[in-house]
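**Student:** Structure in C-alpha cells, see below.
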2 protein chains.
Amino acid sequence: MDFPLAKSLTVKNDAKVILMILDGLGGLPSEPGGKTELETAVTPNLDSLAREGVCGLHQPIGPGITPGSGPAHLSVFGYDPIKHQVGRGVLAALGINFDLGDGDVAARGNFCTVDSNGVITDRRAGRIPTEKNEQLCEVLRKVRVPGVEVFVEPVKEHRLLLVLRGEGLNGSILDTDPQMVGKKPLDPVASIPAAEKTAGLVKQFIDGAAKALSGMSPANMLTLRGFAQKPDWPFLREIWGVSTAAIAAYPMYKGVAKLVGMDVIDTGTELEDEFDTLIERWNDYDFFYFHVKPTDSAGEDGDFDRKVSIIERVDKQIPRLMEMNPGALIVTGDHSTPAVMKAHSWHPVPTLIWSQLCRPDSVEVFGERACNAGGLGPRIPAVDLIPIAMANAGRLEKFGA
Amino acid sequence: MDFPLAKSLTVKNDAKVILMILDGLGGLPSEPGGKTELETAVTPNLDSLAREGVCGLHQPIGPGITPGSGPAHLSVFGYDPIKHQVGRGVLAALGINFDLGDGDVAARGNFCTVDSNGVITDRRAGRIPTEKNEQLCEVLRKVRVPGVEVFVEPVKEHRLLLVLRGEGLNGSILDTDPQMVGKKPLDPVASIPAAEKTAGLVKQFIDGAAKALSGMSPANMLTLRGFAQKPDWPFLREIWGVSTAAIAAYPMYKGVAKLVGMDVIDTGTELEDEFDTLIERWNDYDFFYFHVKPTDSAGEDGDFDRKVSIIERVDKQIPRLMEMNPGALIVTGDHSTPAVMKAHSWHPVPTLIWSQLCRPDSVEVFGERACNAGGLGPRIPAVDLIPIAMANAGRLEKFGA
C-alpha cells in the first residue's frame, strides 16, 4: 500500500499486531512426491491458526527472484524492495550490529594481496582467518583522516567494514575493487560531484592503509566496495501509527529493524527466549516484529530434519502467544530456504494471517501445498501482508464515503 | 521483471530452457458441464509433468483482454505488451515473412474503389481475389519514388503491404484510410516533424499508385494505415544472457521471434518435424521458443476434436523432449482459442512449468480446472513465466544480500 494512503487510514486501538518471521520458512520436498520441511513438521498449533485464519504464499520480491535477507525483510515490512534498496556497505554494518549514524558512509572491504608493483595477486588474501583480520583492523584503526572519524571493523575471514563519520559526507563513490587479479586497486571515484570531497577522504584512508599494511603477508592491501549511507525512509511507526519493536537474536535482523525505525529489544539466543521477551514486553508496543533465525540456518546447512524440529519448537510456543490475545498475527518467512538447495530460493513463502475477523478459507494445515488454495492466494506480494494484518487488527478505517 | 534488474541477476550455466507455446491452447467446454479441449485430450505425459511441476493459468495482457497473436507472444516472451506495442505495418510484414530491415517504414494497405471525384465507394474493392491482388502489386512495384526503395507485397484478398526503405525514414505518419465510404482517401500526414520527409515520399508513392491504377475496376485506388518501423527493444538474449532460437513453422511466429532477436531455425511443417528439429539442434542454443500452430487453427475452425487430437500428438512427443534433460520447461499457450468461440478469447491460459526444483502443488493433470488450484495461481501475468523458468534453471542469482 502507498504509504500516504496507509497513513491517512490508520486509527488507534489496543490491538497488538505480531509479524512472526521464521527465516527461510519455505521449503521443498527432499525427494520427488515427498513433503516439504513445514509439511513434515508436526504443528498442531499452527495448523489450528491456519484453519481459523487465512492462508496463502507470498512472493517476496518478484517472480523468480531469490531474495537476500535485507530486501526480503523490507518487503515483508511493506517497503517495495526494488524502490527501497539498501547499499551493501549499510548491510555489512547491519550484519555486525555496527550502530550506523545518519550521514555515515559505510563500505565493505576485502583484505587482498598485491605484488611489488601494487597489482592484485589474490583478491581475498588467501582468506586469512578472522583472528588475523581482527589484528589487521587494529592496525588500520591507527590510520588518521583529517576531519572525519574512521571506524574499521573485522567481519569474517578477509572481509571488513569501513565507516567514515563526519559532516557533509556522501556515499556516491565507485568501488575500488577491480573484481579481478592482475590489476591494481582502483582509486575511489565520486559518481556525483557532491561526493568528491568524500572520495578524497577515502583516498587518504586507502593511502594510509596501504602504508600501514605494506610488508605484511598475505594481507598487504585492501579493496572497498558498496559505499552507502543509511536510507531516509518513512518509518513503520509513522506509516501505521503504531509503536514498533523488534525481537531478534541476530545482528543483521536487528539492523534491518532499525532501518525502519523499530526499537530493538534485548532478548536471549534461543527462540524460546524470544517468546519470553515477547510476553514480558507485550504491553510496551503495538507492533512486534519477531524473528526466528535457525529455520534459515538449518536450510542453509541442508539439514532438513533440523529445520523440521525448529518449526516444531516454534509451534510449541504458539499457545503462550495466543493466550496474550493478539489483535492480528502473521506467521510467515522472509523467503524460502529449502534444505535440498542449501540456499535461499525464489519459491513463494507459506503465510498465515490470524485474527478474530479473518475470513477462513478451506486450508486445514499450515504447509506449502495447502497454502496454494488459501484465501491470500499462491503469490500475494509480500508488501501486502502488513496492510491486511492492520485491517484485521481494526487499525484501518474506511476509504472514501 | 524489469529488464535491467533481470540482466543484473543472470548467471550462465548449461541448463536449457524451453518455452513451448501451443497456440490458442486454452479452451472451453463444448457443452455445459463438459470438458475443455485440453481436459478432453488424453495426455499422460503432460499430466506427469503437471504432477512433478507447478501449474496455473496465465493472463496474457490484462483482465478481459483478448490478445492478438503479436501481443500475446510478446507478453509470454516477458515484454509488457502495453508498453511494447508493435505497429500494424510491422505485424503485416511479419505475417508474410517479409524481411523488414532496421529503419524500413511499413504500412498495411487496402485496395479500394473510388468514383470519378476520387471519393471512396468501396473500402475493400469488392474483396478482390488474392490472384488479382498479386497482379495489381506487380503494377504498383513499377511506381518509383526518388531516393527510396519501394516494396509492394500482396497479402490476402484486398490487403497489401507497403514498405519504404532508405535513409532517415520515420514511421510517425497518420492513416490515409478515412475508415468510411463517401470520403476521399486522406493525404499521409506526419504526426511529428521528423516524419515530414517520409510523409512526402509516401504521398509521391500514392500519387504514382493512383495514376497506375486509374481506369482499373474495381480496385482503382489504395488506402494505407498502421505506418510503423521495427521496434528497438532489448533482445531476450541480452536480457537473460542466453542464446535464443525459435522453432516455428508459420511466418508470423518466426517474425515475432526475430523482433526479440531470436535466431529462426528451419524446420518442417508438422509438429513432429519441429520436435525433430529441437532435438537435432539441442546443443546449439540455451533457450528455445517452440511454437505449435495447429491447436489455434483448429480452435479458429471450431473443430473441437481436431484441437484435442493435436494436443494428443504433442503429448506423444514429450518423452523425446524429456530425454534431453531440459533445465526448465514451460508448456502453455499464447492465448485461448476455444473451439466453441471459433476465435481468440480473453480466458486465462493453462500453464505448467517443470524443473527439478519446482515446488510441486496438488495439480494431478494438465487442464484448465486443475490448473486453477496450482502454485502459479489462476491468473499469473504472462510476463512472469520466463523469470520463473530462468530461476528454475538456475540462471538467476540472489537479489541483494
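Convention: chains lettered A, B, ... in C-alpha cells order; per-chain residue numbering from 1; ligands numbered from 1 as shown.
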Find the spatial neighbours of Asn110 (chain B), counting only C-alpha atoms, within a cut-off of 8 Å - ignore same-chain residues fewer than 5 positions away - and output them as an NGL selection string.

**Tutor:** :B and (123-124 or 158-160 or 222-224)

**Student:** Quick one: everything within 10 Å of Gly24 (chain A), counting only C-alpha atoms, minus sequence neighbours fewer than 4 positions away in the same chain. Send it as JSON, numbers by chain.

**Tutor:** {"A": [69, 72, 292, 293, 294, 295, 296, 297, 298, 299, 300, 307, 332, 333, 334, 335, 336, 337, 338, 339, 343, 344, 345, 349]}

**Student:** Return as a PyMOL selection string the residues belonging to chain B that are within 8 Å of chain A, counting only C-alpha atoms.

**Tutor:** chain B and resi 1+52+357+359-362+373-377+384-385+387-392+396-401

**Student:** Would you export the selected residues with C-alpha atoms as a PDB file, in the first residue's frame, please?

**Tutor:**
```pdb
ATOM      1  CA  MET B   1      10.527  -8.335 -14.408  1.00  0.00           C
ATOM      2  CA  GLU B  52       6.023 -33.004 -10.895  1.00  0.00           C
ATOM      3  CA  LEU B 357      13.467 -27.657  -8.435  1.00  0.00           C
ATOM      4  CA  ARG B 359       7.805 -26.919  -5.689  1.00  0.00           C
ATOM      5  CA  PRO B 360       5.021 -29.379  -6.544  1.00  0.00           C
ATOM      6  CA  ASP B 361       1.454 -28.299  -5.977  1.00  0.00           C
ATOM      7  CA  SER B 362      -1.574 -30.566  -5.816  1.00  0.00           C
ATOM      8  CA  ALA B 373      -5.544 -24.749  -7.939  1.00  0.00           C
ATOM      9  CA  GLY B 374      -1.889 -24.694  -8.946  1.00  0.00           C
ATOM     10  CA  GLY B 375       1.043 -22.915  -7.390  1.00  0.00           C
ATOM     11  CA  LEU B 376       1.269 -20.362 -10.198  1.00  0.00           C
ATOM     12  CA  GLY B 377      -2.261 -19.250  -9.439  1.00  0.00           C
ATOM     13  CA  ASP B 384       6.199 -13.604 -15.152  1.00  0.00           C
ATOM     14  CA  LEU B 385       6.685 -17.023 -16.761  1.00  0.00           C
ATOM     15  CA  PRO B 387      11.615 -15.155 -14.989  1.00  0.00           C
ATOM     16  CA  ILE B 388      10.292 -18.157 -13.058  1.00  0.00           C
ATOM     17  CA  ALA B 389      11.637 -20.602 -15.639  1.00  0.00           C
ATOM     18  CA  MET B 390      15.050 -18.908 -15.581  1.00  0.00           C
ATOM     19  CA  ALA B 391      15.125 -19.203 -11.787  1.00  0.00           C
ATOM     20  CA  ASN B 392      14.189 -22.873 -12.024  1.00  0.00           C
ATOM     21  CA  LEU B 396      19.315 -16.140 -11.712  1.00  0.00           C
ATOM     22  CA  GLU B 397      21.371 -15.214  -8.712  1.00  0.00           C
ATOM     23  CA  LYS B 398      20.256 -13.709  -5.431  1.00  0.00           C
ATOM     24  CA  PHE B 399      18.910 -10.150  -5.277  1.00  0.00           C
ATOM     25  CA  GLY B 400      20.593  -8.187  -2.501  1.00  0.00           C
ATOM     26  CA  ALA B 401      22.484  -9.585   0.442  1.00  0.00           C
TER      27      ALA B 401
END
```

**Student:** Which residues in region 89-162 of chain B does DSSP call alpha helix (DSSP H)? List them as a list in words.

**Tutor:**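 Written out, the alpha helix (DSSP H) residues of region 89-162 of chain B are Gly89, Val90, Leu91, Ala92, Ala93, Leu94, Gly95, Thr130, Glu131, Lys132, Asn133, Glu134, Gln135, Leu136, Cys137, Glu138, Val139 and Leu140 of chain B.
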
**Student:** Could you write out the selected residues, including all heavy atoms, as a short mmCIF file (atom, residue, chain, number, x, y, z; two decimals), in the first residue's frame?

**Tutor:**
```cif
data_model
loop_
_atom_site.label_atom_id
_atom_site.label_comp_id
_atom_site.auth_asym_id
_atom_site.auth_seq_id
_atom_site.Cartn_x
_atom_site.Cartn_y
_atom_site.Cartn_z
N GLY B 89 1.77 -2.11 -39.35
CA GLY B 89 2.55 -2.32 -40.57
C GLY B 89 3.63 -3.37 -40.36
O GLY B 89 3.87 -4.23 -41.21
N VAL B 90 4.26 -3.30 -39.18
CA VAL B 90 5.30 -4.29 -38.87
C VAL B 90 4.69 -5.67 -38.72
O VAL B 90 5.22 -6.66 -39.24
CB VAL B 90 6.06 -3.87 -37.59
CG1 VAL B 90 7.00 -4.98 -37.14
CG2 VAL B 90 6.85 -2.59 -37.85
N LEU B 91 3.54 -5.76 -38.05
CA LEU B 91 2.88 -7.06 -37.90
C LEU B 91 2.50 -7.63 -39.26
O LEU B 91 2.61 -8.84 -39.50
CB LEU B 91 1.63 -6.94 -37.01
CG LEU B 91 1.92 -6.81 -35.51
CD1 LEU B 91 0.62 -6.59 -34.74
CD2 LEU B 91 2.64 -8.05 -34.96
N ALA B 92 2.04 -6.76 -40.17
CA ALA B 92 1.69 -7.23 -41.52
C ALA B 92 2.93 -7.81 -42.20
O ALA B 92 2.86 -8.86 -42.87
CB ALA B 92 1.12 -6.08 -42.33
N ALA B 93 4.07 -7.14 -42.03
CA ALA B 93 5.32 -7.64 -42.62
C ALA B 93 5.69 -9.00 -42.03
O ALA B 93 6.05 -9.93 -42.75
CB ALA B 93 6.44 -6.63 -42.41
N LEU B 94 5.58 -9.12 -40.70
CA LEU B 94 5.89 -10.39 -40.06
C LEU B 94 4.99 -11.50 -40.58
O LEU B 94 5.42 -12.62 -40.81
CB LEU B 94 5.68 -10.30 -38.53
CG LEU B 94 6.49 -9.25 -37.76
CD1 LEU B 94 6.20 -9.38 -36.28
CD2 LEU B 94 7.97 -9.39 -38.03
N GLY B 95 3.72 -11.16 -40.77
CA GLY B 95 2.72 -12.15 -41.14
C GLY B 95 2.99 -12.78 -42.49
O GLY B 95 2.58 -13.91 -42.75
N THR B 130 -7.20 -12.88 -54.22
CA THR B 130 -5.77 -12.68 -53.95
C THR B 130 -4.96 -12.68 -55.25
O THR B 130 -3.96 -11.96 -55.37
CB THR B 130 -5.28 -13.78 -52.98
OG1 THR B 130 -6.14 -13.76 -51.83
CG2 THR B 130 -3.84 -13.55 -52.53
N GLU B 131 -5.39 -13.48 -56.24
CA GLU B 131 -4.65 -13.55 -57.52
C GLU B 131 -4.66 -12.18 -58.21
O GLU B 131 -3.66 -11.73 -58.77
CB GLU B 131 -5.25 -14.59 -58.46
CG GLU B 131 -5.23 -16.02 -57.92
CD GLU B 131 -6.20 -16.24 -56.76
OE1 GLU B 131 -7.34 -15.71 -56.81
OE2 GLU B 131 -5.80 -16.90 -55.77
N LYS B 132 -5.81 -11.55 -58.18
CA LYS B 132 -5.95 -10.21 -58.76
C LYS B 132 -5.02 -9.22 -58.02
O LYS B 132 -4.33 -8.40 -58.63
CB LYS B 132 -7.41 -9.77 -58.65
CG LYS B 132 -7.72 -8.39 -59.21
CD LYS B 132 -7.61 -8.37 -60.73
CE LYS B 132 -7.69 -6.94 -61.26
NZ LYS B 132 -7.25 -6.89 -62.68
N ASN B 133 -5.05 -9.34 -56.68
CA ASN B 133 -4.19 -8.53 -55.82
C ASN B 133 -2.73 -8.68 -56.26
O ASN B 133 -2.01 -7.68 -56.42
CB ASN B 133 -4.39 -9.01 -54.37
CG ASN B 133 -3.57 -8.24 -53.34
OD1 ASN B 133 -2.52 -7.70 -53.66
ND2 ASN B 133 -4.05 -8.22 -52.11
N GLU B 134 -2.30 -9.91 -56.50
CA GLU B 134 -0.90 -10.14 -56.90
C GLU B 134 -0.57 -9.40 -58.20
O GLU B 134 0.51 -8.80 -58.33
CB GLU B 134 -0.63 -11.64 -57.05
CG GLU B 134 -0.58 -12.35 -55.69
CD GLU B 134 -0.67 -13.87 -55.79
OE1 GLU B 134 -0.73 -14.41 -56.92
OE2 GLU B 134 -0.68 -14.51 -54.72
N GLN B 135 -1.52 -9.43 -59.15
CA GLN B 135 -1.29 -8.71 -60.42
C GLN B 135 -1.17 -7.20 -60.18
O GLN B 135 -0.30 -6.53 -60.74
CB GLN B 135 -2.44 -8.97 -61.40
CG GLN B 135 -2.53 -10.43 -61.87
CD GLN B 135 -3.89 -10.74 -62.49
OE1 GLN B 135 -4.61 -9.83 -62.92
NE2 GLN B 135 -4.23 -12.01 -62.54
N LEU B 136 -2.04 -6.69 -59.32
CA LEU B 136 -2.02 -5.25 -59.06
C LEU B 136 -0.73 -4.84 -58.36
O LEU B 136 -0.17 -3.77 -58.61
CB LEU B 136 -3.23 -4.85 -58.21
CG LEU B 136 -4.59 -4.99 -58.92
CD1 LEU B 136 -5.73 -4.74 -57.93
CD2 LEU B 136 -4.70 -4.02 -60.10
N CYS B 137 -0.25 -5.71 -57.46
CA CYS B 137 1.02 -5.40 -56.78
C CYS B 137 2.16 -5.33 -57.79
O CYS B 137 3.06 -4.48 -57.66
CB CYS B 137 1.30 -6.42 -55.69
SG CYS B 137 0.27 -6.15 -54.22
N GLU B 138 2.12 -6.21 -58.80
CA GLU B 138 3.13 -6.14 -59.88
C GLU B 138 3.11 -4.75 -60.52
O GLU B 138 4.16 -4.15 -60.79
CB GLU B 138 2.83 -7.19 -60.97
CG GLU B 138 3.27 -8.60 -60.62
CD GLU B 138 4.78 -8.73 -60.54
OE1 GLU B 138 5.51 -7.85 -61.05
OE2 GLU B 138 5.25 -9.70 -59.92
N VAL B 139 1.90 -4.25 -60.77
CA VAL B 139 1.75 -2.92 -61.37
C VAL B 139 2.36 -1.85 -60.43
O VAL B 139 3.11 -0.97 -60.86
CB VAL B 139 0.26 -2.62 -61.64
CG1 VAL B 139 0.07 -1.17 -62.06
CG2 VAL B 139 -0.28 -3.58 -62.70
N LEU B 140 2.02 -1.95 -59.14
CA LEU B 140 2.46 -0.92 -58.18
C LEU B 140 3.97 -0.92 -57.96
O LEU B 140 4.55 0.10 -57.60
CB LEU B 140 1.73 -1.08 -56.84
CG LEU B 140 0.23 -0.80 -56.87
CD1 LEU B 140 -0.34 -0.91 -55.46
CD2 LEU B 140 -0.06 0.59 -57.44
#
```

**Student:** Which parts of region 23-272 of chain B does DSSP call strand (DSSP E or B) when run on the backbone here, written out as an NGL selection string?

**Tutor:** :B and (25-26 or 54-59 or 105-114 or 120-122 or 149-154 or 159-165 or 173 or 190 or 221-228 or 244-247 or 263-264)

**Student:** Output N, CA and C atoms for every residue in the selection just made, as a short mmCIF file (atom, residue, chain, number, x, y, z; two decimals), in the first residue's frame.

**Tutor:**
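Okay, this is what ended up in selection-v8.cif:
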```cif
data_model
loop_
_atom_site.label_atom_id
_atom_site.label_comp_id
_atom_site.auth_asym_id
_atom_site.auth_seq_id
_atom_site.Cartn_x
_atom_site.Cartn_y
_atom_site.Cartn_z
N LEU B 25 -4.00 -22.53 -26.85
CA LEU B 25 -4.21 -23.75 -26.06
C LEU B 25 -5.49 -23.73 -25.22
N GLY B 26 -5.74 -22.61 -24.55
CA GLY B 26 -6.89 -22.57 -23.64
C GLY B 26 -8.20 -22.78 -24.39
N VAL B 54 4.91 -27.21 -11.49
CA VAL B 54 3.99 -26.26 -10.87
C VAL B 54 3.08 -25.72 -11.98
N CYS B 55 1.78 -25.60 -11.67
CA CYS B 55 0.80 -25.25 -12.70
C CYS B 55 0.04 -23.98 -12.34
N GLY B 56 -0.71 -23.51 -13.30
CA GLY B 56 -1.55 -22.34 -13.12
C GLY B 56 -2.12 -21.92 -14.45
N LEU B 57 -2.68 -20.72 -14.51
CA LEU B 57 -3.14 -20.16 -15.79
C LEU B 57 -2.60 -18.74 -15.89
N HIS B 58 -2.10 -18.39 -17.08
CA HIS B 58 -1.57 -17.04 -17.21
C HIS B 58 -2.57 -16.14 -17.92
N GLN B 59 -2.48 -14.88 -17.57
CA GLN B 59 -3.30 -13.85 -18.20
C GLN B 59 -2.39 -13.11 -19.16
N VAL B 105 10.09 1.63 -43.26
CA VAL B 105 8.75 2.03 -42.82
C VAL B 105 7.73 1.14 -43.54
N ALA B 106 6.92 0.46 -42.75
CA ALA B 106 5.93 -0.47 -43.31
C ALA B 106 4.52 0.02 -43.01
N ALA B 107 3.60 -0.25 -43.94
CA ALA B 107 2.20 0.09 -43.71
C ALA B 107 1.31 -0.99 -44.32
N ARG B 108 0.17 -1.19 -43.70
CA ARG B 108 -0.85 -2.02 -44.31
C ARG B 108 -1.57 -1.21 -45.36
N GLY B 109 -2.00 -1.87 -46.41
CA GLY B 109 -2.79 -1.17 -47.41
C GLY B 109 -4.04 -1.96 -47.75
N ASN B 110 -5.04 -1.25 -48.21
CA ASN B 110 -6.24 -1.85 -48.80
C ASN B 110 -6.39 -1.33 -50.22
N PHE B 111 -6.61 -2.21 -51.19
CA PHE B 111 -7.15 -1.73 -52.46
C PHE B 111 -8.60 -1.31 -52.22
N CYS B 112 -9.00 -0.18 -52.84
CA CYS B 112 -10.37 0.29 -52.67
C CYS B 112 -10.90 0.80 -54.02
N THR B 113 -12.16 1.14 -54.04
CA THR B 113 -12.78 1.68 -55.24
C THR B 113 -13.15 3.14 -54.99
N VAL B 114 -12.75 4.01 -55.95
CA VAL B 114 -13.15 5.43 -55.84
C VAL B 114 -13.94 5.81 -57.09
N ILE B 120 -14.32 7.48 -52.05
CA ILE B 120 -14.34 6.02 -51.87
C ILE B 120 -15.78 5.51 -51.90
N THR B 121 -16.01 4.50 -52.75
CA THR B 121 -17.34 3.87 -52.80
C THR B 121 -17.29 2.45 -52.24
N ASP B 122 -16.12 1.85 -52.17
CA ASP B 122 -15.96 0.52 -51.56
C ASP B 122 -14.57 0.47 -50.94
N GLU B 149 13.76 2.81 -51.84
CA GLU B 149 13.37 1.56 -52.47
C GLU B 149 11.94 1.28 -52.01
N VAL B 150 11.08 0.86 -52.93
CA VAL B 150 9.67 0.61 -52.58
C VAL B 150 9.37 -0.87 -52.77
N PHE B 151 8.77 -1.48 -51.74
CA PHE B 151 8.31 -2.87 -51.85
C PHE B 151 6.79 -2.89 -51.72
N VAL B 152 6.13 -3.60 -52.62
CA VAL B 152 4.68 -3.76 -52.54
C VAL B 152 4.39 -5.26 -52.56
N GLU B 153 3.79 -5.76 -51.50
CA GLU B 153 3.56 -7.21 -51.40
C GLU B 153 2.08 -7.50 -51.19
N PRO B 154 1.53 -8.46 -51.94
CA PRO B 154 0.14 -8.84 -51.73
C PRO B 154 -0.02 -9.58 -50.41
N ARG B 159 -5.88 -6.89 -49.35
CA ARG B 159 -4.87 -6.33 -48.44
C ARG B 159 -3.48 -6.39 -49.05
N LEU B 160 -2.69 -5.37 -48.76
CA LEU B 160 -1.32 -5.37 -49.26
C LEU B 160 -0.39 -4.78 -48.21
N LEU B 161 0.89 -4.97 -48.44
CA LEU B 161 1.92 -4.41 -47.57
C LEU B 161 2.76 -3.45 -48.39
N LEU B 162 2.98 -2.24 -47.87
CA LEU B 162 3.90 -1.28 -48.48
C LEU B 162 5.10 -1.09 -47.56
N VAL B 163 6.30 -1.18 -48.12
CA VAL B 163 7.50 -0.91 -47.34
C VAL B 163 8.37 0.09 -48.09
N LEU B 164 8.79 1.15 -47.41
CA LEU B 164 9.77 2.09 -47.95
C LEU B 164 11.10 1.84 -47.25
N ARG B 165 12.16 1.76 -48.05
CA ARG B 165 13.50 1.53 -47.47
C ARG B 165 14.42 2.65 -47.93
N ILE B 173 3.41 8.51 -39.18
CA ILE B 173 2.55 9.06 -40.23
C ILE B 173 1.13 8.57 -39.99
N ALA B 190 2.44 13.68 -41.50
CA ALA B 190 3.39 13.37 -40.42
C ALA B 190 2.81 13.79 -39.08
N MET B 221 -7.74 2.31 -56.53
CA MET B 221 -7.07 3.21 -55.58
C MET B 221 -6.63 2.37 -54.39
N LEU B 222 -5.85 2.98 -53.47
CA LEU B 222 -5.49 2.26 -52.25
C LEU B 222 -5.48 3.24 -51.07
N THR B 223 -5.66 2.67 -49.89
CA THR B 223 -5.51 3.43 -48.64
C THR B 223 -4.43 2.73 -47.82
N LEU B 224 -3.81 3.50 -46.94
CA LEU B 224 -2.70 2.97 -46.13
C LEU B 224 -2.95 3.29 -44.66
N ARG B 225 -2.55 2.37 -43.82
CA ARG B 225 -2.69 2.62 -42.37
C ARG B 225 -1.67 1.81 -41.57
N GLY B 226 -1.49 2.21 -40.33
CA GLY B 226 -0.57 1.46 -39.46
C GLY B 226 0.89 1.63 -39.84
N PHE B 227 1.30 2.83 -40.29
CA PHE B 227 2.71 3.08 -40.59
C PHE B 227 3.56 2.78 -39.35
N ALA B 228 4.62 2.05 -39.54
CA ALA B 228 5.43 1.67 -38.37
C ALA B 228 6.81 1.22 -38.79
N THR B 244 19.40 -17.68 -28.09
CA THR B 244 17.97 -17.93 -28.26
C THR B 244 17.65 -18.37 -29.69
N ALA B 245 16.76 -19.34 -29.79
CA ALA B 245 16.34 -19.83 -31.11
C ALA B 245 14.84 -20.08 -31.11
N ALA B 246 14.26 -19.91 -32.29
CA ALA B 246 12.83 -20.16 -32.47
C ALA B 246 12.65 -21.35 -33.40
N ILE B 247 11.76 -22.24 -33.01
CA ILE B 247 11.35 -23.33 -33.89
C ILE B 247 9.86 -23.13 -34.12
N ASP B 263 17.35 -16.29 -33.22
CA ASP B 263 17.65 -16.98 -34.47
C ASP B 263 16.43 -17.83 -34.82
N VAL B 264 16.09 -17.91 -36.08
CA VAL B 264 14.98 -18.75 -36.51
C VAL B 264 15.57 -19.97 -37.21
#
```

**Student:** Please determine, counting only C-alpha atoms, which residue among A:Gly126, A:Met322, A:Ala257, A:Asp2 has the shortest atom-to-atom distance to Ala219 (chain A).

**Tutor:**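 Smallest separation from Ala219 (chain A) among the options: A:Gly126.
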
**Student:** By how many Å are CA of Gly268 (chain A) and CA of Asn97 (chain A) apart?

**Tutor:**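 Separating CA of Gly268 (chain A) from CA of Asn97 (chain A) is a distance of 15.6 Å.
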
**Student:** Name the closest residue to Pro129 (chain A) among the candidates A:Ile279, A:Leu100, A:Val155, A:Ala15; distances are taken between atoms, counting only C-alpha atoms.

**Tutor:**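 Between A:Ile279, A:Leu100, A:Val155, A:Ala15, the residue approaching Pro129 (chain A) most closely is A:Val155.
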
**Student:** Quick one, how far is CA of Leu329 (chain B) from CA of Ile386 (chain B)?

**Tutor:**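 CA of Ile386 (chain B) lies 9.8 Å from CA of Leu329 (chain B).
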
**Student:** Please, what distance in Å, to one decimal, runs between CA of Asp276 (chain B) and CA of Gly53 (chain B)?

**Tutor:**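 Pair CA of Asp276 (chain B) / CA of Gly53 (chain B) returns 24.2 Å.
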
**Student:** Applying 6 Å and only C-alpha atoms, which residues near region 229-236 of chain A remain after dropping the ones on its own chain fewer than 5 positions away? List them as a PDB file with all heavy atoms, in the first residue's frame.

**Tutor:**
```pdb
ATOM      1  N   ASP A 104      26.693   8.770   8.084  1.00  0.00           N
ATOM      2  CA  ASP A 104      27.890   7.926   7.987  1.00  0.00           C
ATOM      3  C   ASP A 104      27.977   7.314   6.589  1.00  0.00           C
ATOM      4  O   ASP A 104      26.953   6.969   5.992  1.00  0.00           O
ATOM      5  CB  ASP A 104      27.807   6.751   8.974  1.00  0.00           C
ATOM      6  CG  ASP A 104      28.004   7.179  10.429  1.00  0.00           C
ATOM      7  OD1 ASP A 104      28.211   8.381  10.683  1.00  0.00           O
ATOM      8  OD2 ASP A 104      27.928   6.296  11.305  1.00  0.00           O
ATOM      9  N   VAL A 105      29.195   7.170   6.095  1.00  0.00           N
ATOM     10  CA  VAL A 105      29.399   6.439   4.836  1.00  0.00           C
ATOM     11  C   VAL A 105      30.072   5.113   5.164  1.00  0.00           C
ATOM     12  O   VAL A 105      31.132   5.085   5.792  1.00  0.00           O
ATOM     13  CB  VAL A 105      30.253   7.249   3.836  1.00  0.00           C
ATOM     14  CG1 VAL A 105      30.705   6.363   2.666  1.00  0.00           C
ATOM     15  CG2 VAL A 105      29.459   8.433   3.310  1.00  0.00           C
ATOM     16  N   GLY A 171      27.916   9.121  -0.040  1.00  0.00           N
ATOM     17  CA  GLY A 171      28.326   7.748  -0.344  1.00  0.00           C
ATOM     18  C   GLY A 171      28.331   7.375  -1.817  1.00  0.00           C
ATOM     19  O   GLY A 171      28.533   6.201  -2.154  1.00  0.00           O
ATOM     20  N   VAL A 260      14.002   0.668   9.646  1.00  0.00           N
ATOM     21  CA  VAL A 260      12.616   1.133   9.520  1.00  0.00           C
ATOM     22  C   VAL A 260      12.104   1.673  10.850  1.00  0.00           C
ATOM     23  O   VAL A 260      10.898   1.766  11.081  1.00  0.00           O
ATOM     24  CB  VAL A 260      11.688   0.024   8.959  1.00  0.00           C
ATOM     25  CG1 VAL A 260      12.109  -0.321   7.528  1.00  0.00           C
ATOM     26  CG2 VAL A 260      11.696  -1.219   9.828  1.00  0.00           C
ATOM     27  N   GLY A 261      13.056   2.039  11.711  1.00  0.00           N
ATOM     28  CA  GLY A 261      12.717   2.821  12.893  1.00  0.00           C
ATOM     29  C   GLY A 261      12.232   2.049  14.099  1.00  0.00           C
ATOM     30  O   GLY A 261      11.715   2.634  15.047  1.00  0.00           O
TER      31      GLY A 261
END
```
